[in-house]
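Source file: query15.cif; contents: mmCIF, C-alpha atoms.
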data_entry
#
loop_
_atom_site.label_atom_id
_atom_site.label_comp_id
_atom_site.auth_asym_id
_atom_site.auth_seq_id
_atom_site.Cartn_x
_atom_site.Cartn_y
_atom_site.Cartn_z
CA MET A 20 69.49 -280.08 -1.09
CA TYR A 21 67.51 -277.67 -3.27
CA GLU A 22 66.19 -274.72 -1.24
CA GLY A 23 64.30 -272.72 -3.84
CA ASN A 24 67.08 -270.70 -5.49
CA ALA A 25 66.32 -271.30 -9.17
CA THR A 26 69.43 -269.41 -10.28
CA THR A 27 71.68 -272.22 -9.02
CA HIS A 28 70.06 -275.12 -10.88
CA ASP A 29 67.83 -275.47 -13.94
CA TRP A 30 66.48 -278.88 -12.91
CA VAL A 31 66.12 -281.10 -9.88
CA VAL A 32 65.89 -284.88 -9.77
CA ASP A 33 62.78 -285.53 -7.68
CA SER A 34 63.33 -289.28 -7.59
CA GLY A 35 65.35 -291.99 -9.29
CA LYS A 36 68.60 -291.66 -11.20
CA VAL A 37 69.84 -289.85 -14.31
CA PHE A 38 73.11 -289.91 -16.20
CA LEU A 39 74.61 -288.50 -19.40
CA SER A 40 75.22 -290.83 -22.31
CA ASN A 41 78.37 -290.69 -24.41
CA LYS A 42 76.33 -288.58 -26.86
CA ASN A 43 75.51 -286.05 -24.11
CA GLU A 44 71.90 -287.21 -23.93
CA LEU A 45 70.14 -287.24 -20.58
CA VAL A 46 69.04 -290.73 -19.61
CA LEU A 47 66.16 -291.17 -17.14
CA THR A 48 66.23 -294.66 -15.69
CA LEU A 49 63.72 -297.18 -14.40
CA THR A 50 65.01 -300.23 -12.54
CA LYS A 51 63.36 -302.87 -10.44
CA ASP A 52 64.68 -301.09 -7.36
CA ASN A 53 64.40 -297.34 -8.06
CA ASN A 54 60.66 -297.08 -8.91
CA GLY A 55 61.45 -294.82 -11.86
CA THR A 56 62.82 -291.30 -12.31
CA ARG A 57 61.25 -287.85 -12.44
CA ILE A 58 62.94 -284.52 -13.10
CA SER A 59 61.39 -281.06 -12.68
CA SER A 60 62.39 -277.59 -13.80
CA THR A 61 63.19 -275.25 -10.92
CA ARG A 62 61.41 -272.37 -12.66
CA TYR A 63 57.70 -272.18 -13.31
CA VAL A 64 56.11 -271.32 -16.65
CA HIS A 65 52.95 -269.26 -16.94
CA TYR A 66 52.03 -269.77 -20.60
CA GLY A 67 54.54 -270.36 -23.35
CA THR A 68 55.87 -272.97 -25.78
CA ILE A 69 57.66 -276.02 -24.41
CA THR A 70 59.37 -278.65 -26.58
CA ALA A 71 61.04 -281.88 -25.48
CA THR A 72 63.05 -283.95 -27.95
CA LEU A 73 63.27 -287.52 -26.70
CA LYS A 74 63.21 -291.27 -27.27
CA THR A 75 61.00 -293.59 -25.24
CA ALA A 76 61.27 -297.02 -23.70
CA ARG A 77 59.24 -299.69 -25.50
CA SER A 78 58.28 -302.29 -22.92
CA ALA A 79 54.89 -303.27 -21.53
CA GLY A 80 54.10 -301.72 -18.16
CA VAL A 81 56.63 -298.88 -18.56
CA VAL A 82 55.34 -295.30 -18.96
CA ASN A 83 57.36 -292.38 -20.35
CA ALA A 84 55.97 -288.92 -19.64
CA PHE A 85 56.53 -285.27 -20.56
CA ILE A 86 53.89 -283.30 -18.76
CA THR A 87 51.32 -283.30 -20.24
CA MET A 88 52.07 -286.08 -22.76
CA SER A 89 52.81 -289.79 -22.18
CA TRP A 90 53.85 -292.97 -23.95
CA PRO A 91 52.49 -296.06 -22.17
CA GLY A 92 53.82 -299.59 -22.55
CA ALA A 93 55.00 -301.06 -25.81
CA GLN A 94 53.17 -298.49 -27.97
CA THR A 95 55.99 -297.00 -30.06
CA SER A 96 53.78 -295.57 -32.81
CA GLN A 97 51.56 -293.34 -30.69
CA ALA A 98 51.54 -290.71 -27.97
CA GLN A 99 48.84 -289.61 -25.56
CA SER A 100 47.90 -286.14 -24.30
CA ASN A 101 46.02 -284.98 -21.23
CA TYR A 102 45.51 -281.82 -19.21
CA PHE A 103 44.89 -280.97 -15.59
CA PHE A 104 43.15 -278.16 -13.73
CA LEU A 105 44.37 -277.19 -10.24
CA GLY A 106 45.97 -280.60 -9.81
CA GLN A 107 42.71 -282.47 -10.35
CA VAL A 108 43.43 -285.76 -12.11
CA ASP A 109 40.94 -286.68 -14.84
CA TYR A 110 41.53 -289.61 -17.18
CA SER A 111 38.19 -289.40 -18.93
CA ASP A 112 37.87 -289.29 -22.71
CA SER A 113 37.10 -285.58 -22.47
CA HIS A 114 40.56 -284.89 -21.04
CA GLY A 115 42.75 -287.53 -22.66
CA ALA A 116 43.45 -288.25 -26.33
CA THR A 117 45.59 -290.67 -28.36
CA HIS A 118 47.71 -289.67 -31.36
CA ASP A 119 48.79 -292.37 -33.81
CA GLY A 120 51.11 -292.56 -36.80
CA LEU A 121 54.49 -291.87 -35.18
CA SER A 122 57.60 -293.62 -36.43
CA ASP A 123 59.27 -295.83 -33.83
CA THR A 124 59.52 -293.66 -30.68
CA TYR A 125 62.16 -296.01 -29.21
CA ALA A 126 64.54 -295.77 -32.18
CA ASN A 127 63.81 -292.20 -33.28
CA TYR A 128 63.83 -288.80 -31.68
CA HIS A 129 60.62 -286.81 -31.97
CA ASP A 130 59.85 -283.22 -30.99
CA TYR A 131 56.89 -283.02 -28.61
CA THR A 132 55.54 -279.50 -28.12
CA ILE A 133 52.99 -277.93 -25.79
CA ASP A 134 51.90 -274.43 -26.86
CA TRP A 135 50.04 -272.93 -23.90
CA THR A 136 48.21 -269.59 -24.08
CA PRO A 137 45.50 -268.06 -21.88
CA ASP A 138 42.87 -269.21 -24.42
CA THR A 139 44.19 -272.36 -26.10
CA LEU A 140 46.42 -275.35 -25.37
CA THR A 141 47.90 -277.06 -28.43
CA TRP A 142 49.90 -280.28 -28.54
CA SER A 143 52.21 -280.85 -31.54
CA ILE A 144 54.47 -283.67 -32.67
CA ASP A 145 57.38 -282.89 -34.97
CA GLY A 146 55.88 -279.47 -35.66
CA ASN A 147 52.43 -280.79 -36.59
CA PRO A 148 49.50 -279.91 -34.31
CA VAL A 149 47.65 -283.03 -33.15
CA ARG A 150 45.21 -281.51 -30.67
CA THR A 151 43.92 -278.13 -29.51
CA LEU A 152 41.95 -277.42 -26.35
CA LYS A 153 40.00 -274.17 -26.17
CA LYS A 154 39.38 -272.53 -22.82
CA GLU A 155 35.83 -271.72 -23.89
CA ASP A 156 35.12 -275.46 -24.14
CA THR A 157 36.07 -276.13 -20.49
CA LEU A 158 33.27 -274.20 -18.80
CA SER A 159 32.09 -276.00 -15.66
CA LYS A 160 28.63 -277.56 -15.59
CA ASP A 161 27.31 -274.80 -13.34
CA GLY A 162 28.86 -272.11 -15.55
CA SER A 163 30.87 -270.56 -12.71
CA TYR A 164 34.45 -271.19 -13.88
CA TYR A 165 36.61 -272.61 -16.66
CA ALA A 166 38.44 -275.88 -15.84
CA TYR A 167 41.36 -274.76 -17.98
CA PRO A 168 45.06 -274.87 -16.96
CA SER A 169 45.78 -271.32 -15.85
CA THR A 170 48.28 -271.43 -12.98
CA PRO A 171 52.11 -271.57 -13.19
CA SER A 172 53.53 -274.99 -13.89
CA ARG A 173 56.89 -276.70 -13.74
CA VAL A 174 58.15 -278.76 -16.67
CA GLN A 175 58.47 -282.43 -15.76
CA LEU A 176 59.76 -285.54 -17.51
CA SER A 177 59.62 -289.03 -16.11
CA ILE A 178 59.72 -292.77 -16.60
CA TRP A 179 57.71 -294.83 -14.15
CA PRO A 180 56.43 -298.38 -13.57
CA ALA A 181 52.71 -298.82 -14.14
CA GLY A 182 52.77 -302.59 -14.57
CA ILE A 183 53.78 -303.66 -11.07
CA PRO A 184 52.09 -305.65 -8.29
CA GLY A 185 49.63 -303.49 -6.34
CA ALA A 186 48.93 -301.07 -9.19
CA PRO A 187 45.25 -300.57 -10.09
CA GLN A 188 44.23 -303.02 -12.81
CA GLY A 189 43.06 -300.20 -15.04
CA THR A 190 46.51 -298.60 -14.86
CA VAL A 191 48.20 -301.92 -15.64
CA ASP A 192 45.93 -302.49 -18.64
CA TRP A 193 46.47 -298.95 -19.93
CA ALA A 194 50.24 -299.47 -19.77
CA GLY A 195 50.11 -302.74 -21.71
CA GLY A 196 50.41 -305.22 -18.87
CA MET A 197 52.92 -306.16 -16.20
CA ILE A 198 56.59 -305.28 -16.57
CA ASP A 199 58.83 -308.15 -17.68
CA TRP A 200 62.10 -307.67 -15.81
CA ASN A 201 63.62 -310.27 -18.16
CA ASP A 202 62.86 -308.07 -21.16
CA PRO A 203 65.87 -308.07 -23.53
CA ASP A 204 66.21 -304.26 -23.30
CA TYR A 205 66.36 -304.42 -19.51
CA VAL A 206 68.77 -307.33 -19.44
CA ALA A 207 71.11 -305.68 -21.96
CA GLN A 208 71.09 -302.17 -20.43
CA GLY A 209 70.37 -302.80 -16.77
CA GLN A 210 67.44 -300.37 -16.93
CA PHE A 211 64.54 -299.11 -19.00
CA SER A 212 65.30 -295.61 -20.28
CA THR A 213 63.77 -292.38 -21.51
CA ILE A 214 66.48 -290.56 -23.46
CA VAL A 215 66.19 -286.76 -23.60
CA LYS A 216 68.13 -284.82 -26.22
CA SER A 217 66.90 -281.34 -25.34
CA VAL A 218 64.17 -279.28 -23.71
CA THR A 219 63.42 -275.74 -24.86
CA ILE A 220 61.05 -273.22 -23.32
CA LYS A 221 59.85 -269.91 -24.73
CA CYS A 222 57.91 -267.95 -22.14
CA ALA A 223 54.85 -265.99 -23.22
CA LYS A 224 54.60 -262.26 -22.67
CA GLU A 225 52.98 -261.49 -19.35
CA THR A 226 49.50 -260.02 -19.48
CA SER A 227 48.37 -257.00 -17.50
CA THR A 228 46.44 -259.30 -15.18
CA THR A 229 49.70 -260.75 -13.82
CA ILE A 230 51.58 -257.45 -13.52
CA ALA A 231 50.76 -255.16 -10.62
CA ASN A 232 51.55 -251.44 -10.29
CA ASN A 233 49.53 -250.29 -13.29
CA GLY A 234 51.18 -252.67 -15.73
CA THR A 235 54.79 -252.27 -14.59
CA LEU A 236 56.92 -255.02 -13.12
CA PRO A 237 57.89 -254.83 -9.45
CA ALA A 238 61.56 -254.25 -8.70
CA ASN A 239 63.58 -257.48 -9.01
CA PRO A 240 60.74 -259.69 -10.27
CA ARG A 241 61.50 -263.26 -9.34
CA SER A 242 58.37 -265.21 -8.45
CA TYR A 243 54.69 -265.80 -9.00
CA VAL A 244 52.27 -265.56 -6.09
CA TYR A 245 48.62 -266.41 -5.74
CA THR A 246 46.30 -263.64 -4.58
CA LYS A 247 42.53 -263.81 -4.23
CA ASN A 248 40.50 -266.39 -6.14
CA ASP A 249 38.27 -265.64 -9.09
CA THR A 250 35.58 -268.20 -8.20
CA VAL A 251 37.69 -271.37 -7.72
CA THR A 252 40.69 -270.21 -9.78
CA PRO A 253 43.58 -268.44 -8.01
CA ARG A 254 44.69 -265.06 -9.38
CA VAL A 255 48.36 -265.09 -10.34
CA MET A 256 50.66 -262.08 -9.91
CA ILE A 257 54.35 -261.45 -10.53
CA SER A 258 56.19 -260.69 -7.31
CA ASN A 259 59.64 -259.89 -5.96
CA GLU A 260 59.13 -262.27 -3.02
CA SER A 261 61.90 -264.77 -2.49
CA THR A 262 61.52 -268.44 -3.36
CA ASN A 263 64.42 -269.44 -1.12
CA VAL A 264 63.49 -271.70 1.76
CA ASN A 265 66.60 -271.68 3.97
CA GLY A 266 64.46 -272.79 6.87
CA ALA A 267 61.90 -270.02 6.24
CA PRO A 268 58.44 -270.29 4.64
CA LEU A 269 58.35 -270.50 0.85
CA HIS A 270 56.41 -267.49 -0.40
CA GLY A 271 56.54 -267.57 -4.19
CA VAL A 272 57.31 -269.94 -7.05
CA ALA A 273 60.20 -269.01 -9.33
CA VAL A 274 59.35 -267.06 -12.47
CA GLY A 275 60.23 -269.07 -15.56
CA ARG A 276 62.21 -266.37 -17.33
CA THR A 277 65.37 -264.37 -17.13
CA VAL A 278 64.83 -261.80 -14.39
CA GLY A 279 63.96 -258.43 -15.87
CA VAL A 280 62.81 -259.72 -19.26
CA VAL A 281 59.09 -259.53 -19.93
CA GLY A 282 58.01 -262.22 -22.37
CA GLY A 283 59.30 -263.39 -25.70
CA MET A 284 62.55 -264.67 -24.20
CA ALA A 285 63.63 -268.14 -25.30
CA VAL A 286 65.04 -270.02 -22.33
CA LEU A 287 67.11 -273.10 -23.19
CA LEU A 288 67.11 -275.55 -20.33
CA GLY A 289 70.24 -277.56 -21.04
CA LEU A 290 71.00 -281.02 -19.79
CA GLY A 291 73.42 -279.72 -17.18
CA GLY A 292 72.58 -277.75 -14.07
CA PHE A 293 71.03 -280.67 -12.21
CA LEU A 294 70.72 -281.08 -8.50
CA ILE A 295 70.76 -284.78 -7.66
#
With the file now loaded, output its structure as structure tokens.
Amino acid sequence: MYEGNATTHDWVVDSGKVFLSNKNELVLTLTKDNNGTRISSTRYVHYGTITATLKTARSAGVVNAFITMSWPGAQTSQAQSNYFFLGQVDYSDSHGATHDGLSDTYANYHDYTIDWTPDTLTWSIDGNPVRTLKKEDTLSKDGSYYAYPSTPSRVQLSIWPAGIPGAPQGTVDWAGGMIDWNDPDYVAQGQFSTIVKSVTIKCAKETSTTIANNGTLPANPRSYVYTKNDTVTPRVMISNESTNVNGAPLHGVAVGRTVGVVGGMAVLLGLGGFLI
């Protein structure tokens, strides 16, 4: 059971099942019984560059996801991007976008990168930018706040079933239809799979707005905390509060960096260090 100590594990398996292939690749599985798999980093990132190198499944109704990118259904020549603000889900054209021209995402590894700064969010594929969101373009209709991702986030990867009985018809259509459990890939492998070769994270340098004490880090910095809101957006600060639960309230979320290093540190999240 994971209790908030991010130094003991890099990742947790939130649901489903993973295993290592004979090539040391991480395999996320979707079966008729497990309802898919999702993994999450134990540390949170507050701006930085995140790259996942992976192969996708290729069957209708199956969705592969690297927050905030996805590959729905049998589309192996495109990817989709989206963004979220304070957990508010928005699938409108203003939030989502489609990116075509990829070589077979089932057969080939591709590098999918999210470059997140306080002012811009850029999605890239194989080193080529495919979309950039500017904070200045997300101003709310009443002009009181920017609906731009600005709070610490975990890194998540998943494979999940969209084409199943009971799913909203729009979701089924988006994913390419209902899942065929007699699909040759499923019959041969016993599962649909997202295959992850690596995930790398480079944390951005913290700004003065997230560092208290006149721009100096607190002793033993190890978490982010939310303080007062600026309009509807929480203010984020670096803290030395513990993230360990151990039966006690969870105060902070784990800082996504090596403790004591302020920005610019590349953190490689290997395929080991899982809590299952």
Tell me which residues the PyMOL selection byres ((chain A and resi 188-194) around 9) grabs here, as a compact mmCIF listing (two decimals) with C-alpha atoms, in the coordinates of the input.
# COMPACT_ATOMS: atom_id res chain seq x y z
CA ALA A 79 54.89 -303.27 -21.53
CA GLY A 80 54.10 -301.72 -18.16
CA VAL A 81 56.63 -298.88 -18.56
CA VAL A 82 55.34 -295.30 -18.96
CA TRP A 90 53.85 -292.97 -23.95
CA PRO A 91 52.49 -296.06 -22.17
CA GLY A 92 53.82 -299.59 -22.55
CA ALA A 93 55.00 -301.06 -25.81
CA GLN A 94 53.17 -298.49 -27.97
CA PRO A 180 56.43 -298.38 -13.57
CA ALA A 181 52.71 -298.82 -14.14
CA GLY A 182 52.77 -302.59 -14.57
CA ILE A 183 53.78 -303.66 -11.07
CA GLY A 185 49.63 -303.49 -6.34
CA ALA A 186 48.93 -301.07 -9.19
CA PRO A 187 45.25 -300.57 -10.09
CA GLY A 195 50.11 -302.74 -21.71
CA GLY A 196 50.41 -305.22 -18.87
CA MET A 197 52.92 -306.16 -16.20
Using only C-alpha atoms, which of the listed residues (A:Ala223, A:Val174, A:Met88, A:Asp204) sits closest to Val149 (chain A)? A:Met88
Can you work out which one of A:Thr235, A:Ser34, A:Thr219, A:Asn54 has the shortest atom-to-atom distance to Met256 (chain A), counting all atoms listed in the file?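 Closest candidate: A:Thr235.
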Check which residues satisfy the PyMOL selection byres ((chain A and resi 123-130) around 12) in the file shown, then give them as an MDAnalysis selection string. chainID A and resid 44 69:78 83 85 88:98 119:122 131:133 142:148 204 211:219
Rounded to one decimal in Å, what is the spacing between CA of Leu45 (chain A) and CA of Trp200 (chain A)?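 It comes out at 22.5 Å.
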